[in-house]
$ cat coords-v6.cif   # mmCIF, C-alpha atoms
data_input
loop_
_atom_site.label_atom_id
_atom_site.label_comp_id
_atom_site.auth_asym_id
_atom_site.auth_seq_id
_atom_site.Cartn_x
_atom_site.Cartn_y
_atom_site.Cartn_z
CA MET A 700 -55.20 93.07 101.24
CA PRO A 701 -52.84 91.30 103.68
CA SER A 702 -53.67 91.87 107.32
CA CYS A 703 -51.30 93.49 109.78
CA GLN A 704 -50.87 90.12 111.54
CA SER A 705 -49.60 88.36 108.41
CA LYS A 706 -47.16 91.21 107.73
CA CYS A 707 -45.75 90.97 111.21
CA ALA A 708 -45.34 87.18 110.83
CA LYS A 709 -43.37 87.65 107.64
CA VAL A 710 -41.09 90.26 109.18
CA ILE A 711 -40.38 88.00 112.16
CA ASN A 712 -39.54 85.06 109.90
CA LEU A 713 -37.14 87.17 107.82
CA TRP A 714 -35.43 88.43 110.97
CA LEU A 715 -35.00 84.86 112.34
CA ASP A 716 -33.47 83.68 109.04
CA PHE A 717 -31.03 86.61 109.02
CA CYS A 718 -29.94 85.85 112.60
CA ALA A 719 -29.50 82.17 111.86
CA ARG A 720 -27.24 82.93 108.91
CA GLN A 721 -25.14 85.34 110.91
CA THR A 722 -24.74 83.21 114.04
CA GLY A 723 -25.05 79.69 112.63
CA PHE A 724 -27.85 79.00 115.06
CA ARG A 725 -31.19 77.93 113.61
CA TYR A 726 -34.29 78.48 115.63
CA PRO A 727 -37.01 75.90 115.57
CA VAL A 728 -39.16 76.46 112.53
CA MET A 729 -42.71 77.17 113.27
CA LYS A 730 -45.33 74.95 111.77
CA LYS A 731 -46.27 76.15 108.31
CA ILE A 732 -49.75 77.55 108.30
CA LYS A 733 -51.74 77.76 105.10
CA TYR A 734 -54.04 80.60 104.37
CA TYR A 735 -56.61 81.20 101.72
CA TYR A 736 -58.33 84.35 100.49
CA ASN A 737 -61.95 84.49 101.49
CA THR A 738 -63.87 86.33 98.82
CA ASN A 739 -66.79 86.86 101.11
CA THR A 740 -64.86 88.63 103.84
CA LEU A 741 -62.13 89.86 101.54
CA ARG A 742 -59.55 88.57 103.99
CA TYR A 743 -56.82 85.91 104.17
CA GLU A 744 -58.03 83.33 106.58
CA LYS A 745 -56.40 80.27 108.09
CA LEU A 746 -57.05 77.06 106.13
CA VAL A 747 -58.59 74.46 108.41
CA ILE A 748 -59.01 70.94 106.93
CA PRO A 749 -61.87 68.94 108.48
CA LEU A 750 -61.02 65.61 110.16
CA ARG A 751 -63.33 63.73 107.78
CA VAL A 752 -61.37 64.97 104.77
CA LYS A 753 -58.09 64.06 106.41
CA LEU A 754 -59.32 60.53 107.09
CA LEU A 755 -60.57 60.15 103.50
CA ARG A 756 -57.21 61.32 102.17
CA ILE A 757 -55.36 58.86 104.40
CA LEU A 758 -57.65 56.00 103.35
CA GLY A 759 -57.26 56.92 99.69
CA PHE A 760 -53.49 56.98 100.03
CA LEU A 761 -53.45 53.57 101.75
CA ALA A 762 -55.79 52.08 99.12
CA ALA A 763 -53.64 53.40 96.27
CA ALA A 764 -50.52 52.05 97.97
CA LEU A 765 -52.08 48.60 98.45
CA VAL A 766 -53.29 48.40 94.82
CA THR A 767 -49.88 49.52 93.56
CA ALA A 768 -48.13 46.97 95.76
CA PHE A 769 -50.48 44.22 94.57
CA ILE A 770 -49.82 45.09 90.92
CA ILE A 771 -46.04 45.13 91.49
CA VAL A 772 -46.14 41.77 93.32
CA PHE A 773 -48.37 40.21 90.64
CA ILE A 774 -46.11 41.32 87.82
CA GLY A 775 -43.06 40.18 89.80
CA PHE A 776 -44.47 36.68 90.33
CA GLN A 777 -45.33 36.42 86.63
CA VAL A 778 -41.81 37.30 85.55
CA ILE A 779 -39.63 36.13 88.44
CA ASP A 780 -40.00 32.67 90.04
CA SER A 781 -40.28 32.36 93.75
CA PRO A 782 -37.63 30.26 95.53
CA LYS A 783 -40.12 27.40 95.88
CA GLU A 784 -41.04 27.57 92.21
CA MET A 785 -37.36 27.58 91.26
CA LEU A 786 -36.83 24.40 93.28
CA ILE A 787 -39.88 22.77 91.68
CA ARG A 788 -38.71 23.78 88.20
CA GLN A 789 -35.25 22.34 88.86
CA GLU A 790 -36.82 19.14 90.16
CA ASN A 791 -39.00 18.88 87.04
CA GLU A 792 -35.97 19.31 84.80
CA ARG A 793 -34.14 16.58 86.68
CA ILE A 794 -37.16 14.27 86.43
CA LYS A 795 -37.38 14.91 82.66
CA GLU A 796 -33.72 13.99 82.28
CA ASP A 797 -34.34 10.82 84.31
CA TYR A 798 -37.30 10.00 82.05
CA VAL A 799 -35.12 10.35 78.96
CA LEU A 800 -32.42 8.10 80.42
CA LEU A 801 -34.98 5.54 81.59
CA ASN A 802 -36.73 5.57 78.22
CA ASN A 803 -33.41 4.98 76.43
CA LYS A 804 -32.64 2.08 78.76
CA ILE A 805 -36.07 0.59 78.11
CA LYS A 806 -35.56 0.85 74.35
CA THR A 807 -32.21 -0.92 74.71
CA MET A 808 -33.86 -3.63 76.82
CA GLU A 809 -36.60 -4.05 74.21
CA GLU A 810 -34.00 -4.45 71.46
CA GLN A 811 -32.12 -7.02 73.53
CA MET A 812 -35.36 -8.80 74.37
CA THR A 813 -36.33 -8.93 70.69
CA GLU A 814 -32.91 -10.35 69.82
CA LEU A 815 -33.24 -13.00 72.54
CA GLU A 816 -36.69 -13.96 71.27
CA LYS A 817 -35.35 -14.15 67.71
CA ARG A 818 -32.44 -16.34 68.75
CA ASP A 819 -34.79 -18.48 70.80
CA ASN A 820 -37.02 -19.20 67.81
CA GLN A 821 -34.47 -19.22 64.98
CA VAL A 822 -31.44 -20.75 66.70
CA TYR A 823 -32.02 -22.60 69.93
CA ARG A 824 -35.34 -24.18 69.05
CA GLU A 825 -34.12 -25.01 65.54
CA ILE A 826 -31.21 -26.93 67.04
CA PHE A 827 -33.55 -29.05 69.10
CA GLU A 828 -36.21 -29.11 66.36
CA ALA A 829 -38.81 -27.63 68.70
CA ASN A 830 -41.74 -25.58 67.51
CA PRO A 831 -41.11 -21.81 67.72
CA ILE A 832 -43.10 -19.81 70.25
CA PRO A 833 -45.87 -17.87 68.43
CA ASP A 834 -45.87 -14.08 68.60
CA SER A 835 -49.27 -14.17 70.27
CA ALA A 836 -47.57 -15.62 73.35
CA ARG A 837 -45.24 -12.64 73.50
CA ALA A 838 -45.86 -8.93 73.07
CA LYS A 839 -46.92 -8.30 69.49
CA THR A 840 -44.94 -5.84 67.38
CA LEU A 841 -48.06 -3.88 66.49
CA GLU A 842 -48.99 -3.44 70.12
CA LYS A 843 -45.46 -2.28 70.93
CA GLN A 844 -45.56 0.28 68.12
CA LYS A 845 -48.92 1.60 69.35
CA GLU A 846 -47.49 1.84 72.86
CA ILE A 847 -44.50 3.83 71.60
CA ARG A 848 -46.72 6.24 69.66
CA LEU A 849 -49.00 6.63 72.69
CA THR A 850 -46.02 7.36 74.93
CA GLU A 851 -44.72 10.02 72.57
CA SER A 852 -48.06 11.84 72.65
CA MET A 853 -48.34 11.82 76.44
CA GLU A 854 -47.75 14.70 78.77
CA ASP A 855 -44.95 14.56 81.31
CA ASN A 856 -47.28 13.69 84.17
CA GLU A 857 -48.54 10.65 82.23
CA LEU A 858 -45.15 9.49 81.00
CA ALA A 859 -44.27 7.84 84.30
CA TYR A 860 -47.34 5.59 84.12
CA SER A 861 -46.48 4.65 80.53
CA ILE A 862 -42.90 3.79 81.44
CA ALA A 863 -44.15 1.71 84.36
CA ALA A 864 -46.50 -0.16 82.01
CA THR A 865 -43.65 -0.74 79.53
CA VAL A 866 -41.44 -2.09 82.30
CA ASP A 867 -44.25 -4.45 83.38
CA ASN A 868 -44.56 -5.61 79.77
CA LEU A 869 -40.82 -6.26 79.59
CA MET A 870 -40.93 -8.16 82.86
CA ASN A 871 -43.72 -10.38 81.52
CA ARG A 872 -41.73 -11.04 78.35
CA MET A 873 -38.60 -11.77 80.39
CA ASN A 874 -40.51 -14.22 82.59
CA PHE A 875 -41.91 -15.91 79.48
CA GLN A 876 -38.42 -16.04 77.95
CA LYS A 877 -37.03 -17.46 81.18
CA LYS A 878 -39.60 -20.26 80.99
CA SER A 879 -38.61 -20.87 77.37
CA TYR A 880 -34.95 -21.13 78.35
CA ASN A 881 -35.90 -23.54 81.10
CA ASP A 882 -37.60 -25.64 78.43
CA ILE A 883 -34.49 -25.47 76.26
CA GLU A 884 -32.39 -26.49 79.27
CA GLY A 885 -34.60 -29.53 79.57
CA MET A 886 -34.07 -30.17 75.86
CA ILE A 887 -30.32 -29.99 76.38
CA LYS A 888 -30.56 -32.55 79.17
CA ASN A 889 -32.61 -34.74 76.83
CA LYS A 890 -30.32 -34.11 73.85
CA GLU A 891 -28.90 -37.62 74.06
CA LYS A 892 -32.41 -39.03 73.94
CA LEU A 893 -33.27 -36.70 71.05
CA LEU A 894 -30.24 -37.81 69.05
CA ALA A 895 -31.05 -41.45 69.76
CA ALA A 896 -34.64 -40.87 68.58
CA THR A 897 -33.58 -39.17 65.32
CA PRO A 898 -33.34 -41.51 62.29
CA ALA A 899 -29.64 -41.61 61.39
CA ILE A 900 -28.77 -44.83 59.52
CA GLN A 901 -29.96 -46.73 56.45
CA PRO A 902 -32.61 -49.41 57.08
CA ILE A 903 -30.51 -52.17 55.50
CA SER A 904 -26.78 -52.81 55.20
CA ASN A 905 -25.63 -50.80 52.19
CA LYS A 906 -21.93 -50.09 52.59
CA ASP A 907 -21.18 -50.11 48.88
CA LEU A 908 -24.29 -47.96 48.16
CA SER A 909 -25.43 -50.41 45.48
CA ARG A 910 -28.94 -50.95 46.84
CA MET A 911 -30.44 -47.50 46.31
CA ALA A 912 -33.23 -48.20 43.77
CA SER A 913 -35.52 -45.14 43.85
CA GLY A 914 -35.50 -41.79 45.59
CA PHE A 915 -37.96 -39.39 47.18
CA GLY A 916 -40.18 -37.28 44.93
CA TYR A 917 -42.27 -37.69 41.81
CA ARG A 918 -41.49 -41.04 40.13
CA ILE A 919 -43.06 -43.33 37.53
CA ASP A 920 -45.43 -45.82 39.13
CA PRO A 921 -44.32 -49.37 38.18
CA VAL A 922 -47.91 -50.64 37.90
CA TYR A 923 -49.90 -47.70 36.51
CA LYS A 924 -46.99 -46.11 34.59
CA THR A 925 -48.04 -42.64 35.71
CA VAL A 926 -46.06 -40.01 37.56
CA LYS A 927 -46.89 -40.16 41.26
CA MET A 928 -45.40 -38.85 44.46
CA HIS A 929 -43.00 -41.40 45.94
CA ALA A 930 -42.92 -40.53 49.66
CA GLY A 931 -39.86 -42.57 50.58
CA LEU A 932 -36.75 -44.44 49.41
CA ASP A 933 -36.61 -47.93 47.86
CA PHE A 934 -33.68 -50.18 48.76
CA ALA A 935 -33.49 -53.23 46.50
CA ALA A 936 -32.13 -56.36 48.23
CA PRO A 937 -32.57 -60.14 48.11
CA GLN A 938 -35.52 -61.53 49.97
CA GLY A 939 -34.61 -62.21 53.58
CA THR A 940 -32.13 -59.34 53.91
CA PRO A 941 -32.32 -57.97 57.50
CA ILE A 942 -34.11 -54.67 58.06
CA TYR A 943 -33.00 -52.50 61.00
CA SER A 944 -34.65 -49.73 63.01
CA THR A 945 -32.97 -46.43 62.16
CA ALA A 946 -33.53 -44.90 65.64
CA ASP A 947 -34.76 -45.72 69.13
CA GLY A 948 -38.51 -45.85 69.52
CA VAL A 949 -41.68 -47.84 70.14
CA VAL A 950 -43.37 -49.95 67.48
CA LYS A 951 -46.64 -48.23 66.62
CA LEU A 952 -47.89 -50.72 64.00
CA ALA A 953 -46.67 -54.10 62.79
CA GLY A 954 -48.74 -56.04 60.25
CA ASN A 955 -50.59 -55.85 56.94
CA THR A 956 -53.54 -53.45 56.68
CA GLY A 957 -54.11 -53.83 52.92
CA ASN A 958 -52.91 -50.35 52.01
CA GLY A 959 -50.28 -51.48 49.49
CA TYR A 960 -47.32 -51.57 51.89
CA GLY A 961 -47.79 -55.30 52.47
CA ASN A 962 -46.20 -56.35 55.73
CA TYR A 963 -44.92 -53.13 57.20
CA VAL A 964 -43.79 -51.59 60.46
CA ILE A 965 -44.22 -48.05 61.79
CA ILE A 966 -41.99 -46.96 64.68
CA ASN A 967 -42.76 -43.90 66.78
CA HIS A 968 -39.45 -42.37 67.87
CA GLY A 969 -40.87 -39.42 69.76
CA TYR A 970 -40.07 -35.75 69.18
CA GLY A 971 -42.43 -35.87 66.18
CA TYR A 972 -40.47 -38.57 64.31
CA GLU A 973 -41.91 -41.75 62.81
CA THR A 974 -40.40 -44.20 60.31
CA LEU A 975 -42.11 -46.74 58.03
CA TYR A 976 -40.61 -49.99 56.63
CA GLY A 977 -42.76 -51.59 53.90
CA HIS A 978 -43.07 -54.79 51.81
CA GLN A 979 -41.39 -57.05 54.38
CA TYR A 980 -41.26 -60.78 53.91
CA LYS A 981 -41.59 -61.34 57.64
CA ILE A 982 -41.95 -59.02 60.62
CA LYS A 983 -39.97 -59.70 63.79
CA VAL A 984 -41.36 -57.04 66.18
CA LYS A 985 -44.79 -56.45 67.69
CA SER A 986 -46.87 -53.35 68.38
CA GLY A 987 -45.84 -51.66 71.65
CA GLN A 988 -42.37 -53.17 71.60
CA ARG A 989 -39.46 -50.80 72.36
CA VAL A 990 -36.58 -51.02 69.91
CA LYS A 991 -33.09 -49.52 69.65
CA ARG A 992 -31.28 -48.08 66.65
CA GLY A 993 -29.77 -50.93 64.61
CA GLU A 994 -32.12 -53.55 66.09
CA LEU A 995 -33.55 -56.15 63.69
CA ILE A 996 -37.26 -55.58 63.00
CA GLY A 997 -37.90 -57.78 59.94
CA TRP A 998 -36.68 -59.08 56.59
CA VAL A 999 -36.87 -57.78 53.02
CA GLY A 1000 -39.72 -59.12 50.90
CA SER A 1001 -42.10 -58.14 48.12
CA THR A 1002 -45.49 -58.17 49.81
CA GLY A 1003 -48.22 -55.69 48.92
CA LYS A 1004 -47.99 -53.46 45.83
CA SER A 1005 -44.42 -54.32 44.82
CA THR A 1006 -42.59 -55.33 41.66
CA GLY A 1007 -39.59 -56.94 43.37
CA PRO A 1008 -37.90 -57.61 46.70
CA HIS A 1009 -37.09 -54.32 48.38
CA VAL A 1010 -37.82 -52.26 51.48
CA HIS A 1011 -39.78 -49.03 51.14
CA TYR A 1012 -38.50 -46.60 53.80
CA GLU A 1013 -40.22 -43.38 54.89
CA VAL A 1014 -39.50 -40.69 57.50
CA HIS A 1015 -42.33 -38.59 58.94
CA LYS A 1016 -41.91 -35.44 61.05
CA ASN A 1017 -45.04 -34.18 62.79
CA GLY A 1018 -47.15 -36.15 60.31
CA ARG A 1019 -45.38 -34.72 57.25
CA HIS A 1020 -43.36 -36.80 54.79
CA ILE A 1021 -39.74 -35.68 54.50
CA ASP A 1022 -36.87 -36.96 52.37
CA PRO A 1023 -35.06 -39.74 54.31
CA ILE A 1024 -31.85 -39.15 52.34
CA TYR A 1025 -30.90 -36.30 54.69
CA PHE A 1026 -30.86 -38.59 57.73
CA PHE A 1027 -28.05 -40.92 56.66
CA TYR A 1028 -25.31 -39.06 58.50
CA ASN A 1029 -24.29 -41.70 61.05
CA ASP A 1030 -22.89 -44.36 58.73
CA LEU A 1031 -21.76 -42.41 55.63
CA THR A 1032 -18.70 -40.33 54.86
CA PRO A 1033 -19.21 -36.96 53.11
CA GLU A 1034 -18.14 -38.52 49.80
CA GLN A 1035 -20.57 -41.43 50.22
CA PHE A 1036 -23.39 -39.07 51.19
CA ASP A 1037 -22.76 -36.98 48.06
CA ARG A 1038 -22.85 -40.11 45.95
CA ILE A 1039 -26.07 -41.50 47.46
CA LEU A 1040 -27.66 -38.05 47.17
CA LYS A 1041 -27.08 -38.10 43.41
CA MET A 1042 -28.41 -41.66 43.12
CA ALA A 1043 -31.60 -40.75 44.99
CA ALA A 1044 -32.16 -37.73 42.74
CA ALA A 1045 -32.31 -39.88 39.58
CA GLY A 1046 -35.77 -39.80 38.01
CA ASN A 1047 -36.19 -43.53 37.59
CA GLN A 1048 -39.14 -45.85 38.17
CA SER A 1049 -40.02 -46.77 41.75
CA PHE A 1050 -40.47 -50.36 43.00
CA ASP A 1051 -43.94 -49.74 44.49
#
$ encode --input "coords-v6.cif" --output "structure tokens"
Amino acid sequence: MPSCQSKCAKVINLWLDFCARQTGFRYPVMKKIKYYYNTNTLRYEKLVIPLRVKLLRILGFLAAALVTAFIIVFIGFQVIDSPKEMLIRQENERIKEDYVLLNNKIKTMEEQMTELEKRDNQVYREIFEANPIPDSARAKTLEKQKEIRLTESMEDNELAYSIAATVDNLMNRMNFQKKSYNDIEGMIKNKEKLLAATPAIQPISNKDLSRMASGFGYRIDPVYKTVKMHAGLDFAAPQGTPIYSTADGVVKLAGNTGNGYGNYVIINHGYGYETLYGHQYKIKVKSGQRVKRGELIGWVGSTGKSTGPHVHYEVHKNGRHIDPIYFFYNDLTPEQFDRILKMAAAGNQSFD
């Protein structure tokens, strides 16, 4: 049963509320006091919370608040980037775009470098008859393909190192190509010497083209009557007809070594060229002597393995026999060259 004190408190509170509504003035509200029914005393008693319980409740509230705040912050950082992370992400995107542009530029440079190397080997060095640079001296295609595949499989943080390595490779190739062009520049400066050292005329006077006796290739041997390789051209002429050097050079051999050429002369012209003049009646030059194109070196004869007066003429390039017919461009018109080309192709018997 409610005590008399609690009833009085309720009456007072009701009276204060009524007065406040009538006058518009609100009295200070008294602190709300909680009561509980004590079953032992059968009375409503004031609820007093111990200080220890209050402290535990405060600590529990603070702990729950901290955990909740931590969870909210964690989820927020997982979903929403921080300002610093946004800047880093933007920087990474910019770096990726730079990598793409740089990689495209490098591919363009590689294509240009490959074209320069191709032109170097197939054009410039062909003009000057220089040996092409082997692929082993440059970056090999297989190694470049492996490098490209390796780059494609790399992570972004490794791509920069790969691009740097590719640039270094290109720089090495460019330096090598620069050296090659310096060599070609030297060849250009020596072009006059190269042209002077290239066989370009017939070894005897043959304006009417009547002295072409046998051409280059497989011919019937005049002695053994078998088909053999004829490594030069035979020019039939009376004994004593002058024989001329077809290019500038140094006499490498002048004499008779018993090899079937009789009295013969070999001239080293440099740049890989040598010419041979066989079956001479008499030799005018000596070993070690420097000669010019058109200079007299001997006279036509029939010494050695020969069936008649003639000069056997050969052209060697880097130790290999080549057809001399393609070197008569200094003293023949196109019509004359076409005519002598057909005469040399005839499958007749050679003179030696």
$ closest_residue --input "coords-v6.cif" --among "A:Leu952, A:Ile862, A:Ala899, A:Leu713" --to "A:Asp797" --atoms "only C-alpha atoms"
A:Ile862
$ residues_around --input "coords-v6.cif" --residues "A:Pro902" --least-positions-apart "4" --cutoff "8 Å" --atoms "all atoms listed in the file" --output "PyMOL selection string"
chain A and resi 942-945+1012
$ atom_distance --input "coords-v6.cif" --atom1 "atom CA of A:Ala936" --atom2 "atom CA of A:Ala895"
26.2 Å
$ resolve_selection --input "coords-v6.cif" --expression "the PyMOL selection byres ((chain A and resi 979-984) around 8)" --output "ChimeraX atom specification"
/A:938-939,950,953-954,961-964,976-978,985-986,988,995-1002,1009-1010
$ atom_distance --input "coords-v6.cif" --atom1 "atom CA of A:Ile1024" --atom2 "atom CA of A:Gly916"
11.3 Å
$ residues_around --input "coords-v6.cif" --residues "A:Arg989" --least-positions-apart "4" --cutoff "8 Å" --atoms "only C-alpha atoms" --output "MDAnalysis selection string"
chainID A and resid 947:950
$ resolve_selection --input "coords-v6.cif" --expression "the PyMOL selection byres ((chain A and resi 917-933) around 10)" --output "ChimeraX atom specification"
/A:910-916,934-936,974-977,1004-1006,1008-1015,1019-1024,1043,1045-1051
$ atom_distance --input "coords-v6.cif" --atom1 "atom CA of A:Val990" --atom2 "atom CA of A:Gly969"
12.4 Å
